[in-house]
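Data from target-v6.txt: compact mmCIF, C-alpha atoms and all ligand atoms
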```txt
# COMPACT_ATOMS: atom_id res chain seq x y z
CA MET A 208 -223.34 -28.39 76.28
CA ARG A 209 -221.70 -28.32 72.89
CA ALA A 210 -222.78 -29.45 69.49
CA CYS A 211 -220.62 -31.05 66.84
CA LYS A 212 -220.34 -28.81 63.78
CA ASN A 213 -220.07 -31.81 61.57
CA CYS A 214 -222.96 -34.05 62.60
CA LYS A 215 -224.80 -31.85 65.17
CA PHE A 216 -224.50 -34.42 67.92
CA VAL A 217 -224.78 -32.76 71.35
CA VAL A 218 -222.27 -33.61 74.05
CA ILE A 219 -222.20 -32.53 77.68
CA THR A 220 -218.53 -32.53 78.63
CA SER A 221 -216.69 -34.32 75.86
CA LYS A 222 -214.14 -32.42 73.79
CA GLU A 223 -214.57 -34.76 70.91
CA CYS A 224 -217.68 -35.91 69.14
CA PRO A 225 -218.36 -39.53 70.11
CA LEU A 226 -220.30 -40.03 66.92
CA CYS A 227 -218.03 -38.83 64.13
CA GLY A 228 -214.84 -38.09 66.06
CA GLY A 229 -215.00 -34.43 65.07
CA ARG A 230 -213.23 -31.91 67.29
CA GLU A 231 -215.13 -28.85 66.17
CA LEU A 232 -217.66 -28.43 68.93
CA THR A 233 -219.56 -25.20 69.43
CA GLU A 234 -221.64 -23.70 72.20
CA HIS A 235 -223.41 -21.56 69.65
CA PHE A 236 -226.38 -23.60 68.65
CA SER A 237 -230.08 -23.38 69.17
CA GLY A 238 -232.67 -26.04 69.78
CA ILE A 239 -232.16 -29.63 70.70
CA VAL A 240 -233.97 -32.59 69.30
CA VAL A 241 -233.73 -35.96 70.98
CA ILE A 242 -233.93 -38.86 68.60
CA LEU A 243 -234.89 -42.17 70.09
CA ASP A 244 -236.22 -43.83 66.98
CA THR A 245 -233.97 -43.46 63.96
CA ASN A 246 -236.79 -44.62 61.69
CA SER A 247 -238.93 -41.64 62.62
CA GLU A 248 -239.75 -38.85 60.19
CA VAL A 249 -237.65 -36.36 62.12
CA ALA A 250 -234.61 -38.60 62.08
CA LYS A 251 -234.91 -39.07 58.34
CA LEU A 252 -235.38 -35.36 57.83
CA LEU A 253 -232.22 -34.58 59.76
CA ASN A 254 -230.29 -37.54 58.37
CA ILE A 255 -229.77 -39.05 61.79
CA THR A 256 -228.79 -42.67 61.99
CA LYS A 257 -227.95 -42.99 65.66
CA PRO A 258 -230.15 -42.22 68.68
CA GLY A 259 -229.11 -39.26 70.78
CA ALA A 260 -229.47 -35.52 71.23
CA TYR A 261 -228.84 -33.27 68.26
CA ALA A 262 -228.70 -29.52 67.74
CA LEU A 263 -231.41 -28.17 65.48
CA ARG A 264 -229.43 -25.21 64.30
CA ILE A 265 -225.76 -24.41 64.51
CA LYS A 266 -224.92 -20.75 64.33
CA LYS A 267 -222.25 -19.83 61.87
CA HIS A 268 -220.03 -16.86 62.47
ZN ZN B 1 -219.90 -35.24 65.14
```

Show me this structure written as structure tokens.
Amino acid sequence: MRACKNCKFVVITSKECPLCGGRELTEHFSGIVVILDTNSEVAKLLNITKPGAYALRIKKH
């Protein structure tokens, strides 16, 4: 699995983020949050507007 560095969307095999079209995907992330309801507190906190799986933290190096 990889996470988009731009929007944190998690993809399984894709080389491109289906959400923002970003090509910077990283395997170095920790934690996954699955957002089903974009009106939930968590979604608002993370600025998520589309349901899906998102990385909680992306490691920078
Ligand atoms: Zn993205």

With all atoms listed in the file counted and 7 Å as the cut-off, give the residues of chain A in contact with ligand ZN 1 (chain B), each with its shortest interatomic distance in Å and the pair that gives it, as JSON lines.
```
{"residue": "A:Cys211", "atom": "CA", "partner": "B:ZN1", "partner_atom": "ZN", "distance": 4.6}
{"residue": "A:Lys212", "atom": "CA", "partner": "B:ZN1", "partner_atom": "ZN", "distance": 6.6}
{"residue": "A:Asn213", "atom": "CA", "partner": "B:ZN1", "partner_atom": "ZN", "distance": 5.0}
{"residue": "A:Cys214", "atom": "CA", "partner": "B:ZN1", "partner_atom": "ZN", "distance": 4.2}
{"residue": "A:Lys215", "atom": "CA", "partner": "B:ZN1", "partner_atom": "ZN", "distance": 6.0}
{"residue": "A:Phe216", "atom": "CA", "partner": "B:ZN1", "partner_atom": "ZN", "distance": 5.4}
{"residue": "A:Cys224", "atom": "CA", "partner": "B:ZN1", "partner_atom": "ZN", "distance": 4.6}
{"residue": "A:Pro225", "atom": "CA", "partner": "B:ZN1", "partner_atom": "ZN", "distance": 6.7}
{"residue": "A:Leu226", "atom": "CA", "partner": "B:ZN1", "partner_atom": "ZN", "distance": 5.1}
{"residue": "A:Cys227", "atom": "CA", "partner": "B:ZN1", "partner_atom": "ZN", "distance": 4.2}
{"residue": "A:Gly228", "atom": "CA", "partner": "B:ZN1", "partner_atom": "ZN", "distance": 5.9}
{"residue": "A:Gly229", "atom": "CA", "partner": "B:ZN1", "partner_atom": "ZN", "distance": 5.0}
```

Worksheet item: Contacts of segment 232-244 of chain A at 9 Å or less, counting all atoms listed in the file, minus same-chain residues fewer than 4 places along, as a list in words?
Response: Met208, Arg209, Ala210, Cys211, Lys212, Asn213, Lys215, Val217, Val218, Lys222, Glu223, Cys224, Val249, Ala250, Ile255, Lys257, Pro258, Gly259, Ala260, Tyr261, Ala262, Leu263, Arg264, Ile265, Lys266 and Lys267 of chain A

Next, dump the selected residues to file, keeping only C-alpha atoms, as a short mmCIF file (atom, residue, chain, number, x, y, z; two decimals), in the frame of the given file.
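Produced file again-v9.cif, reproduced below:
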```cif
data_model
loop_
_atom_site.label_atom_id
_atom_site.label_comp_id
_atom_site.auth_asym_id
_atom_site.auth_seq_id
_atom_site.Cartn_x
_atom_site.Cartn_y
_atom_site.Cartn_z
CA MET A 208 -223.34 -28.39 76.28
CA ARG A 209 -221.70 -28.32 72.89
CA ALA A 210 -222.78 -29.45 69.49
CA CYS A 211 -220.62 -31.05 66.84
CA LYS A 212 -220.34 -28.81 63.78
CA ASN A 213 -220.07 -31.81 61.57
CA LYS A 215 -224.80 -31.85 65.17
CA VAL A 217 -224.78 -32.76 71.35
CA VAL A 218 -222.27 -33.61 74.05
CA LYS A 222 -214.14 -32.42 73.79
CA GLU A 223 -214.57 -34.76 70.91
CA CYS A 224 -217.68 -35.91 69.14
CA VAL A 249 -237.65 -36.36 62.12
CA ALA A 250 -234.61 -38.60 62.08
CA ILE A 255 -229.77 -39.05 61.79
CA LYS A 257 -227.95 -42.99 65.66
CA PRO A 258 -230.15 -42.22 68.68
CA GLY A 259 -229.11 -39.26 70.78
CA ALA A 260 -229.47 -35.52 71.23
CA TYR A 261 -228.84 -33.27 68.26
CA ALA A 262 -228.70 -29.52 67.74
CA LEU A 263 -231.41 -28.17 65.48
CA ARG A 264 -229.43 -25.21 64.30
CA ILE A 265 -225.76 -24.41 64.51
CA LYS A 266 -224.92 -20.75 64.33
CA LYS A 267 -222.25 -19.83 61.87
#
```

Starting from 4 Å padding per side, set up an axis-aligned box that covers all listed atoms of segment 209-227 of chain A and hand over centre and edge lengths in Å, one decimal, as lines of an AutoDock Vina configuration file.
```
center_x = -219.5
center_y = -34.2
center_z = 70.1
size_x = 18.7
size_y = 19.7
size_z = 25.1
```
